>>> print(open('work.txt').read())   # compact mmCIF, C-alpha atoms
# COMPACT_ATOMS: atom_id res chain seq x y z
CA MET A 1 4.97 15.12 -7.44
CA ASP A 2 4.36 12.41 -10.06
CA SER A 3 6.94 13.91 -12.40
CA TRP A 4 9.53 13.91 -9.64
CA VAL A 5 8.81 10.26 -8.82
CA ARG A 6 9.22 9.33 -12.50
CA PHE A 7 12.49 11.28 -12.73
CA ASN A 8 13.75 9.73 -9.52
CA SER A 9 12.97 6.18 -10.67
CA GLN A 10 15.24 6.67 -13.70
CA SER A 11 18.26 7.30 -11.44
CA GLN A 12 17.67 4.19 -9.33
CA ALA A 13 19.31 1.89 -11.87
CA LYS A 14 22.47 4.03 -11.84
CA GLU A 15 22.43 4.04 -8.04
CA ARG A 16 22.15 0.24 -7.96
CA VAL A 17 25.10 -0.15 -10.33
CA ILE A 18 27.23 2.24 -8.27
CA ARG A 19 26.14 0.41 -5.11
CA ALA A 20 27.32 -2.89 -6.59
CA ALA A 21 30.65 -1.28 -7.50
CA GLN A 22 30.98 0.23 -4.01
CA TYR A 23 30.53 -3.08 -2.22
CA ALA A 24 32.77 -4.77 -4.78
CA CYS A 25 35.44 -2.28 -3.71
CA THR A 26 34.72 -3.14 -0.06
CA LEU A 27 35.20 -6.83 -0.82
CA LEU A 28 38.29 -6.12 -2.93
CA GLY A 29 39.84 -3.98 -0.21
CA TYR A 30 39.33 -6.73 2.35
CA THR A 31 40.86 -9.29 -0.03
CA LEU A 32 43.88 -7.06 -0.71
CA GLN A 33 44.40 -6.46 2.98
CA LYS A 34 44.27 -10.17 3.76
CA GLY A 35 46.56 -10.93 0.82
CA GLY A 36 49.19 -8.49 2.00
CA ALA A 37 48.88 -6.11 -0.95
CA ALA A 38 50.66 -2.77 -1.03
CA ALA A 39 49.27 -0.16 1.34
CA GLU A 40 49.04 2.38 -1.48
CA LEU A 41 46.81 0.08 -3.55
CA HIS A 42 44.58 -0.63 -0.58
CA LYS A 43 44.31 3.11 0.10
CA THR A 44 43.30 3.76 -3.52
CA VAL A 45 40.54 1.16 -3.33
CA ARG A 46 39.27 2.67 -0.07
CA GLN A 47 39.18 6.15 -1.62
CA LEU A 48 37.30 4.82 -4.63
CA GLU A 49 34.78 3.18 -2.30
CA ALA A 50 34.31 6.48 -0.43
CA HIS A 51 33.76 8.39 -3.69
CA MET A 52 31.16 5.87 -4.83
CA SER A 53 29.38 6.10 -1.48
CA LEU A 54 29.22 9.89 -1.82
CA THR A 55 27.93 9.58 -5.41
CA ARG A 56 25.19 7.21 -4.24
CA LYS A 57 24.12 9.70 -1.60
CA LEU A 58 23.85 12.35 -4.30
CA LEU A 59 21.69 10.09 -6.47
CA ARG A 60 19.43 9.37 -3.50
CA LEU A 61 18.54 13.02 -2.96
CA GLY A 62 14.75 13.23 -2.98
CA ASN A 63 14.19 9.50 -2.47
CA SER A 64 12.24 10.37 0.68
CA VAL A 65 9.47 11.72 -1.57
CA GLU A 66 9.19 8.41 -3.40
CA ALA A 67 9.18 6.49 -0.10
CA LEU A 68 6.36 8.69 1.22
CA GLU A 69 4.37 8.12 -1.97
CA ALA A 70 4.87 4.37 -1.56
CA ALA A 71 3.64 4.62 2.04
CA LYS A 72 0.51 6.45 0.83
CA ARG A 73 -0.20 3.61 -1.60
CA ALA A 74 0.50 0.88 0.95
CA ILE A 75 -1.91 2.30 3.52
CA HIS A 76 -4.81 1.34 1.22
CA LEU A 77 -3.94 -2.37 1.02
CA SER A 78 -6.72 -4.71 2.09
CA ASP A 79 -4.46 -7.16 3.97
CA SER A 80 -3.87 -5.69 7.43
CA VAL A 81 -0.46 -7.35 7.92
CA LEU A 82 0.86 -6.18 4.56
CA ARG A 83 -0.62 -2.73 5.16
CA LEU A 84 1.14 -2.39 8.52
CA CYS A 85 4.51 -3.81 7.40
CA LEU A 86 4.76 -1.95 4.11
CA THR A 87 3.48 1.40 5.38
CA ILE A 88 5.85 1.53 8.36
CA SER A 89 8.70 0.15 6.23
CA HIS A 90 8.29 2.92 3.64
CA LEU A 91 8.09 5.56 6.38
CA ASN A 92 11.34 4.27 7.85
CA ARG A 93 12.92 4.32 4.39
CA ALA A 94 11.83 7.95 4.06
CA MET A 95 13.55 8.79 7.35
CA TYR A 96 16.61 6.78 6.30
CA PHE A 97 16.92 8.73 3.05
CA ALA A 98 16.36 12.04 4.89
CA CYS A 99 19.19 11.25 7.33
CA ASP A 100 21.34 10.13 4.40
CA ASN A 101 20.72 13.46 2.65
CA VAL A 102 21.80 15.36 5.77
CA LEU A 103 24.90 13.16 5.96
CA TRP A 104 25.69 13.93 2.31
CA ALA A 105 25.41 17.66 3.02
CA GLY A 106 27.81 17.25 5.93
CA LYS A 107 30.34 15.28 3.89
CA THR A 108 30.30 17.84 1.08
CA GLY A 109 30.69 20.76 3.49
CA LEU A 110 27.25 22.28 2.94
CA ILE A 111 26.54 21.75 6.65
CA SER A 112 29.51 22.58 8.84
CA ASN A 113 30.24 20.94 12.19
CA LEU A 114 27.85 18.06 11.52
CA ASP A 115 28.24 15.04 13.77
CA GLN A 116 28.55 12.55 10.92
CA HIS A 117 28.89 9.54 13.22
CA LYS A 118 25.61 10.33 14.97
CA TRP A 119 23.73 10.91 11.72
CA SER A 120 25.22 7.77 10.19
CA GLU A 121 24.03 5.66 13.13
CA ARG A 122 20.61 7.30 12.99
CA SER A 123 20.38 6.53 9.28
CA PHE A 124 21.34 2.87 9.73
CA ARG A 125 18.82 2.43 12.55
CA TYR A 126 15.98 3.48 10.26
CA TYR A 127 17.43 1.25 7.54
CA LEU A 128 17.59 -1.74 9.90
CA PHE A 129 13.99 -1.32 11.06
CA ALA A 130 12.80 -1.06 7.45
CA LEU A 131 14.62 -4.29 6.58
CA ILE A 132 13.16 -6.10 9.60
CA LEU A 133 9.66 -5.12 8.44
CA ASN A 134 10.46 -6.20 4.87
CA LEU A 135 11.63 -9.60 6.11
CA THR A 136 8.49 -9.87 8.25
CA ARG A 137 6.42 -9.21 5.12
CA ASP A 138 8.40 -11.88 3.21
CA VAL A 139 7.89 -14.48 5.94
CA TYR A 140 4.17 -13.65 6.13
CA GLU A 141 3.68 -14.06 2.39
CA LEU A 142 5.73 -17.26 2.47
CA ARG A 143 3.49 -18.66 5.22
CA LEU A 144 0.36 -17.83 3.19
CA LEU A 145 1.77 -19.56 0.12
CA ILE A 146 2.78 -22.65 2.14
CA GLU A 147 -0.71 -22.91 3.62
CA CYS A 148 -2.22 -22.55 0.15
CA GLU A 149 0.07 -25.27 -1.20
CA GLU A 150 -0.80 -27.57 1.71
CA ARG A 151 -4.52 -27.13 1.06
CA TYR A 152 -3.99 -27.84 -2.64
CA ARG A 153 -2.02 -31.01 -1.93
CA ALA A 154 -4.53 -32.16 0.65
CA ALA A 155 -7.41 -31.67 -1.79
CA LYS A 156 -5.47 -33.41 -4.54
CA SER A 157 -4.71 -36.46 -2.40
CA SER A 158 -8.08 -36.66 -0.62
CA PRO A 159 -9.57 -40.21 -0.61
CA SER A 160 -12.57 -41.19 -2.72
CA PRO A 161 -16.02 -40.54 -1.22
CA HIS A 162 -16.81 -44.28 -1.05
CA PRO A 163 -16.77 -45.45 2.58
CA SER A 164 -13.90 -47.69 3.50
CA PRO A 165 -14.64 -51.04 5.15
CA ALA A 166 -14.63 -51.03 8.92
CA PRO A 167 -11.50 -52.48 10.52
CA PRO A 168 -11.70 -55.78 12.38
CA ALA A 169 -12.71 -55.69 16.02
CA ASP A 170 -9.25 -56.69 17.16
CA GLN A 171 -7.81 -53.53 15.54
CA LEU A 172 -10.18 -51.11 17.27
CA SER A 173 -8.09 -50.97 20.40
CA SER A 174 -5.97 -47.86 20.99
CA PRO A 175 -2.67 -47.88 19.10
CA ALA A 176 0.46 -48.56 21.00
CA ALA A 177 2.88 -45.74 21.67
CA PRO A 178 5.59 -45.46 19.04
CA ALA A 179 8.92 -46.90 19.92
CA ALA A 180 11.60 -44.48 21.03
CA GLY A 181 13.80 -45.44 18.11
CA ALA A 182 11.08 -44.46 15.62
CA ILE A 183 10.75 -40.87 16.84
CA LEU A 184 13.94 -39.54 15.25
CA PRO A 185 13.32 -41.06 11.80
CA ALA A 186 9.76 -39.74 11.87
CA THR A 187 10.98 -36.26 12.84
CA ALA A 188 13.64 -36.32 10.13
CA ALA A 189 11.06 -37.39 7.55
CA TRP A 190 8.74 -34.56 8.66
CA LEU A 191 11.56 -32.02 8.37
CA ARG A 192 12.49 -33.27 4.91
CA GLY A 193 8.87 -32.93 3.86
CA ARG A 194 8.68 -29.36 5.17
CA LEU A 195 11.93 -28.43 3.45
CA ARG A 196 10.71 -29.90 0.16
CA LEU A 197 7.47 -27.97 0.52
CA LEU A 198 9.39 -24.76 1.28
CA ALA A 199 11.69 -25.29 -1.71
CA ALA A 200 8.72 -25.98 -4.01
CA VAL A 201 6.91 -22.81 -2.89
CA LEU A 202 10.00 -20.61 -3.31
CA TYR A 203 10.85 -22.20 -6.66
CA SER A 204 7.38 -21.43 -7.99
CA ASN A 205 7.53 -17.82 -6.69
CA PRO A 206 10.80 -16.22 -7.91
CA PRO A 207 9.85 -12.64 -6.85
CA LEU A 208 9.41 -13.74 -3.24
CA LEU A 209 12.62 -15.77 -3.33
CA LEU A 210 14.67 -12.86 -4.69
CA ASP A 211 13.17 -10.39 -2.21
CA LEU A 212 13.85 -12.75 0.69
CA LEU A 213 17.45 -13.27 -0.41
CA LYS A 214 18.00 -9.56 -1.00
CA ASN A 215 16.65 -8.50 2.39
CA SER A 216 18.53 -11.31 4.13
CA CYS A 217 21.79 -10.08 2.60
CA ASP A 218 21.05 -6.40 3.26
CA ILE A 219 20.25 -6.82 6.94
CA PHE A 220 23.85 -7.72 7.79
CA ILE A 221 25.01 -4.26 6.62
CA PRO A 222 23.25 -2.15 9.31
CA LEU A 223 23.84 -4.89 11.90
CA ASP A 224 27.57 -4.57 11.27
CA ARG A 225 27.64 -0.77 11.04
CA LEU A 226 25.68 -0.38 14.28
CA GLY A 227 27.88 -2.91 16.08
CA ILE A 228 24.93 -5.19 16.87
CA TYR A 229 26.36 -8.16 14.98
CA PRO A 230 29.83 -7.34 13.60
CA THR A 231 30.72 -9.50 10.61
CA GLY A 232 33.66 -7.64 9.07
CA PRO A 233 34.13 -5.75 5.80
CA GLY A 234 34.62 -8.89 3.72
CA PHE A 235 31.23 -10.37 4.62
CA VAL A 236 29.52 -6.96 4.39
CA GLY A 237 31.02 -6.40 0.95
CA ALA A 238 29.87 -9.82 -0.27
CA CYS A 239 26.33 -9.29 1.09
CA GLY A 240 26.10 -5.78 -0.36
CA LEU A 241 27.34 -6.95 -3.75
CA ALA A 242 24.90 -9.89 -3.82
CA SER A 243 21.88 -7.77 -2.83
CA SER A 244 22.85 -5.11 -5.41
CA VAL A 245 23.01 -7.70 -8.18
CA LEU A 246 19.58 -9.01 -7.14
CA SER A 247 18.18 -5.47 -7.18
CA ILE A 248 19.59 -4.87 -10.66
CA LEU A 249 18.02 -8.14 -11.77
CA THR A 250 14.57 -6.98 -10.63
CA MET A 251 15.06 -3.73 -12.59
CA VAL A 252 16.09 -5.55 -15.76
CA HIS A 253 13.16 -7.97 -15.38
CA PRO A 254 10.34 -6.07 -13.61
CA TRP A 255 8.22 -9.22 -13.25
CA LEU A 256 10.77 -10.41 -10.66
CA LYS A 257 9.93 -7.50 -8.36
CA LEU A 258 7.70 -8.50 -5.45
CA LYS A 259 4.35 -6.72 -5.50
CA PRO A 260 2.74 -4.84 -3.92
>>> encode(input="work.txt", output="structure tokens")
Amino acid sequence: MDSWVRFNSQSQAKERVIRAAQYACTLLGYTLQKGGAAAELHKTVRQLEAHMSLTRKLLRLGNSVEALEAAKRAIHLSDSVLRLCLTISHLNRAMYFACDNVLWAGKTGLISNLDQHKWSERSFRYYLFALILNLTRDVYELRLLIECEERYRAAKSSPSPHPSPAPPADQLSSPAAPAAGAILPATAAWLRGRLRLLAAVLYSNPPLLLDLLKNSCDIFIPLDRLGIYPTGPGFVGACGLASSVLSILTMVHPWLKLKP
């Protein structure tokens, strides 16, 4: 089992590169179609995209085993939210890869009379649920980091222990209600402060930022393929290309990969 996982991890980099090329072809095909390019050229790009998709499915054979191993590791995490999100996410990835393997067998003719549309939709449903759980995990970790940063800033700016002088008696009355015109500026200032805090937390945690961006790009792919939120091949190609580049970046620099 361990040897298979090690062998499978070596093919992931090739799969990511081919994935980037596939979605680049999707984006290129959309651009050629909008630009009024020759139908023969557009057909060639579409065929190249289909061949790359089939090659990716071949490289993903056996990825279900790795996803199940990841689920076995995630079930021992101490944080209950991370344990739930990651375990179920890996199980859905395992089902996604299994459906994808069946779809590959149907496309290559190993399984005759396979309803490819049904298996494709089934595969993307598992993929979508896994991405939703991954985004939930990202938001949860982001909230923990924001709370930690708020506590650090509060402790850093806490007043000195010396008691402050008591205010005059004429200032002890209840404060007047803020003017209506001051509500919007105060709200805008609060929002700016929250955005600056969010930007500071993400800037100081590149693995979380990359994972959040990658999952945010990826989620539009199954949403479009399932017809839940159609965005068109151009947007799907751009999102797929961006998420593939981010995945390759985490492979080139492993410290950028979000753990666990």
>>> atom_distance(input="work.txt", atom1="CA of Ala67 in chain A", atom2="CA of Asp79 in chain A")
19.7 Å
>>> residues_near_point(input="work.txt", point="(14.8, -13.4, 5.4)", cutoff="6 Å", atoms="only C-alpha atoms", output="number ranges by chain")
A: 135, 212, 216
>>> closest_residue(input="work.txt", among="A:Leu27, A:Ala189, A:Ser11, A:Lys43", to="Ala242 in chain A", atoms="only C-alpha atoms")
A:Leu27
>>> atom_distance(input="work.txt", atom1="CA of Ala37 in chain A", atom2="CA of Tyr229 in chain A")
27.7 Å
>>> atom_distance(input="work.txt", atom1="CA of Arg194 in chain A", atom2="CA of Val139 in chain A")
14.9 Å
>>> residues_around(input="work.txt", residues="Lys107 in chain A", least_positions_apart="4", cutoff="12 Å", atoms="all atoms listed in the file", output="ChimeraX atom specification")
/A:50-51,53-55,57-58,100-103,111-117,119-120
>>> write_last_selection(input="work.txt", atoms="C-alpha atoms", output="short mmCIF file (atom, residue, chain, number, x, y, z; two decimals), in the frame of the given file")
data_model
loop_
_atom_site.label_atom_id
_atom_site.label_comp_id
_atom_site.auth_asym_id
_atom_site.auth_seq_id
_atom_site.Cartn_x
_atom_site.Cartn_y
_atom_site.Cartn_z
CA ALA A 50 34.31 6.48 -0.43
CA HIS A 51 33.76 8.39 -3.69
CA SER A 53 29.38 6.10 -1.48
CA LEU A 54 29.22 9.89 -1.82
CA THR A 55 27.93 9.58 -5.41
CA LYS A 57 24.12 9.70 -1.60
CA LEU A 58 23.85 12.35 -4.30
CA ASP A 100 21.34 10.13 4.40
CA ASN A 101 20.72 13.46 2.65
CA VAL A 102 21.80 15.36 5.77
CA LEU A 103 24.90 13.16 5.96
CA ILE A 111 26.54 21.75 6.65
CA SER A 112 29.51 22.58 8.84
CA ASN A 113 30.24 20.94 12.19
CA LEU A 114 27.85 18.06 11.52
CA ASP A 115 28.24 15.04 13.77
CA GLN A 116 28.55 12.55 10.92
CA HIS A 117 28.89 9.54 13.22
CA TRP A 119 23.73 10.91 11.72
CA SER A 120 25.22 7.77 10.19
#
>>> decode(input="work.txt", residues="range 234-248 of chain A", atoms="all heavy atoms", output="PDB file, in the first residue's frame")
ATOM      1  N   GLY A 234     -15.035  29.724 -21.299  1.00  0.00           N
ATOM      2  CA  GLY A 234     -13.939  30.663 -21.103  1.00  0.00           C
ATOM      3  C   GLY A 234     -13.600  30.838 -19.638  1.00  0.00           C
ATOM      4  O   GLY A 234     -12.421  30.767 -19.242  1.00  0.00           O
ATOM      5  N   PHE A 235     -14.613  31.054 -18.809  1.00  0.00           N
ATOM      6  CA  PHE A 235     -14.386  31.242 -17.373  1.00  0.00           C
ATOM      7  C   PHE A 235     -13.904  29.947 -16.733  1.00  0.00           C
ATOM      8  O   PHE A 235     -13.000  29.962 -15.884  1.00  0.00           O
ATOM      9  CB  PHE A 235     -15.684  31.714 -16.716  1.00  0.00           C
ATOM     10  CG  PHE A 235     -15.524  32.141 -15.288  1.00  0.00           C
ATOM     11  CD1 PHE A 235     -14.966  33.362 -14.965  1.00  0.00           C
ATOM     12  CD2 PHE A 235     -15.925  31.304 -14.255  1.00  0.00           C
ATOM     13  CE1 PHE A 235     -14.811  33.757 -13.642  1.00  0.00           C
ATOM     14  CE2 PHE A 235     -15.781  31.687 -12.924  1.00  0.00           C
ATOM     15  CZ  PHE A 235     -15.223  32.916 -12.626  1.00  0.00           C
ATOM     16  N   VAL A 236     -14.484  28.809 -17.139  1.00  0.00           N
ATOM     17  CA  VAL A 236     -14.047  27.518 -16.604  1.00  0.00           C
ATOM     18  C   VAL A 236     -12.593  27.250 -16.960  1.00  0.00           C
ATOM     19  O   VAL A 236     -11.804  26.781 -16.132  1.00  0.00           O
ATOM     20  CB  VAL A 236     -14.962  26.391 -17.132  1.00  0.00           C
ATOM     21  CG1 VAL A 236     -14.369  25.020 -16.836  1.00  0.00           C
ATOM     22  CG2 VAL A 236     -16.342  26.489 -16.513  1.00  0.00           C
ATOM     23  N   GLY A 237     -12.215  27.559 -18.207  1.00  0.00           N
ATOM     24  CA  GLY A 237     -10.833  27.359 -18.612  1.00  0.00           C
ATOM     25  C   GLY A 237      -9.870  28.223 -17.816  1.00  0.00           C
ATOM     26  O   GLY A 237      -8.800  27.768 -17.405  1.00  0.00           O
ATOM     27  N   ALA A 238     -10.249  29.489 -17.576  1.00  0.00           N
ATOM     28  CA  ALA A 238      -9.392  30.385 -16.799  1.00  0.00           C
ATOM     29  C   ALA A 238      -9.260  29.900 -15.357  1.00  0.00           C
ATOM     30  O   ALA A 238      -8.152  29.905 -14.786  1.00  0.00           O
ATOM     31  CB  ALA A 238      -9.945  31.809 -16.834  1.00  0.00           C
ATOM     32  N   CYS A 239     -10.367  29.471 -14.753  1.00  0.00           N
ATOM     33  CA  CYS A 239     -10.326  28.972 -13.369  1.00  0.00           C
ATOM     34  C   CYS A 239      -9.507  27.690 -13.269  1.00  0.00           C
ATOM     35  O   CYS A 239      -8.702  27.524 -12.344  1.00  0.00           O
ATOM     36  CB  CYS A 239     -11.750  28.732 -12.866  1.00  0.00           C
ATOM     37  SG  CYS A 239     -12.685  30.232 -12.527  1.00  0.00           S
ATOM     38  N   GLY A 240      -9.717  26.774 -14.217  1.00  0.00           N
ATOM     39  CA  GLY A 240      -8.959  25.529 -14.200  1.00  0.00           C
ATOM     40  C   GLY A 240      -7.477  25.750 -14.397  1.00  0.00           C
ATOM     41  O   GLY A 240      -6.638  25.112 -13.738  1.00  0.00           O
ATOM     42  N   LEU A 241      -7.118  26.675 -15.287  1.00  0.00           N
ATOM     43  CA  LEU A 241      -5.709  26.983 -15.514  1.00  0.00           C
ATOM     44  C   LEU A 241      -5.081  27.613 -14.273  1.00  0.00           C
ATOM     45  O   LEU A 241      -3.967  27.253 -13.869  1.00  0.00           O
ATOM     46  CB  LEU A 241      -5.579  27.917 -16.713  1.00  0.00           C
ATOM     47  CG  LEU A 241      -4.161  28.380 -17.077  1.00  0.00           C
ATOM     48  CD1 LEU A 241      -3.264  27.195 -17.398  1.00  0.00           C
ATOM     49  CD2 LEU A 241      -4.210  29.354 -18.251  1.00  0.00           C
ATOM     50  N   ALA A 242      -5.801  28.547 -13.632  1.00  0.00           N
ATOM     51  CA  ALA A 242      -5.269  29.212 -12.440  1.00  0.00           C
ATOM     52  C   ALA A 242      -5.075  28.215 -11.299  1.00  0.00           C
ATOM     53  O   ALA A 242      -4.022  28.207 -10.635  1.00  0.00           O
ATOM     54  CB  ALA A 242      -6.218  30.338 -12.007  1.00  0.00           C
ATOM     55  N   SER A 243      -6.077  27.361 -11.049  1.00  0.00           N
ATOM     56  CA  SER A 243      -5.948  26.398  -9.953  1.00  0.00           C
ATOM     57  C   SER A 243      -4.851  25.375 -10.236  1.00  0.00           C
ATOM     58  O   SER A 243      -4.160  24.915  -9.322  1.00  0.00           O
ATOM     59  CB  SER A 243      -7.288  25.686  -9.724  1.00  0.00           C
ATOM     60  OG  SER A 243      -7.642  24.897 -10.848  1.00  0.00           O
ATOM     61  N   SER A 244      -4.653  25.018 -11.520  1.00  0.00           N
ATOM     62  CA  SER A 244      -3.585  24.076 -11.869  1.00  0.00           C
ATOM     63  C   SER A 244      -2.211  24.686 -11.608  1.00  0.00           C
ATOM     64  O   SER A 244      -1.316  24.014 -11.093  1.00  0.00           O
ATOM     65  CB  SER A 244      -3.710  23.664 -13.341  1.00  0.00           C
ATOM     66  OG  SER A 244      -4.944  23.034 -13.595  1.00  0.00           O
ATOM     67  N   VAL A 245      -2.044  25.947 -11.964  1.00  0.00           N
ATOM     68  CA  VAL A 245      -0.773  26.630 -11.713  1.00  0.00           C
ATOM     69  C   VAL A 245      -0.495  26.701 -10.216  1.00  0.00           C
ATOM     70  O   VAL A 245       0.639  26.487  -9.757  1.00  0.00           O
ATOM     71  CB  VAL A 245      -0.782  28.029 -12.348  1.00  0.00           C
ATOM     72  CG1 VAL A 245       0.442  28.835 -11.914  1.00  0.00           C
ATOM     73  CG2 VAL A 245      -0.820  27.930 -13.874  1.00  0.00           C
ATOM     74  N   LEU A 246      -1.537  26.980  -9.419  1.00  0.00           N
ATOM     75  CA  LEU A 246      -1.359  27.027  -7.963  1.00  0.00           C
ATOM     76  C   LEU A 246      -0.996  25.657  -7.410  1.00  0.00           C
ATOM     77  O   LEU A 246      -0.167  25.545  -6.489  1.00  0.00           O
ATOM     78  CB  LEU A 246      -2.643  27.549  -7.305  1.00  0.00           C
ATOM     79  CG  LEU A 246      -2.988  29.016  -7.568  1.00  0.00           C
ATOM     80  CD1 LEU A 246      -4.337  29.364  -6.966  1.00  0.00           C
ATOM     81  CD2 LEU A 246      -1.909  29.941  -7.026  1.00  0.00           C
ATOM     82  N   SER A 247      -1.597  24.598  -7.959  1.00  0.00           N
ATOM     83  CA  SER A 247      -1.260  23.247  -7.512  1.00  0.00           C
ATOM     84  C   SER A 247       0.187  22.901  -7.843  1.00  0.00           C
ATOM     85  O   SER A 247       0.899  22.290  -7.037  1.00  0.00           O
ATOM     86  CB  SER A 247      -2.205  22.234  -8.165  1.00  0.00           C
ATOM     87  OG  SER A 247      -3.524  22.422  -7.753  1.00  0.00           O
ATOM     88  N   ILE A 248       0.623  23.276  -9.048  1.00  0.00           N
ATOM     89  CA  ILE A 248       2.012  23.030  -9.438  1.00  0.00           C
ATOM     90  C   ILE A 248       2.957  23.793  -8.516  1.00  0.00           C
ATOM     91  O   ILE A 248       4.029  23.291  -8.138  1.00  0.00           O
ATOM     92  CB  ILE A 248       2.224  23.424 -10.908  1.00  0.00           C
ATOM     93  CG1 ILE A 248       1.412  22.500 -11.825  1.00  0.00           C
ATOM     94  CG2 ILE A 248       3.696  23.372 -11.277  1.00  0.00           C
ATOM     95  CD1 ILE A 248       1.399  22.929 -13.275  1.00  0.00           C
TER      96      ILE A 248
END
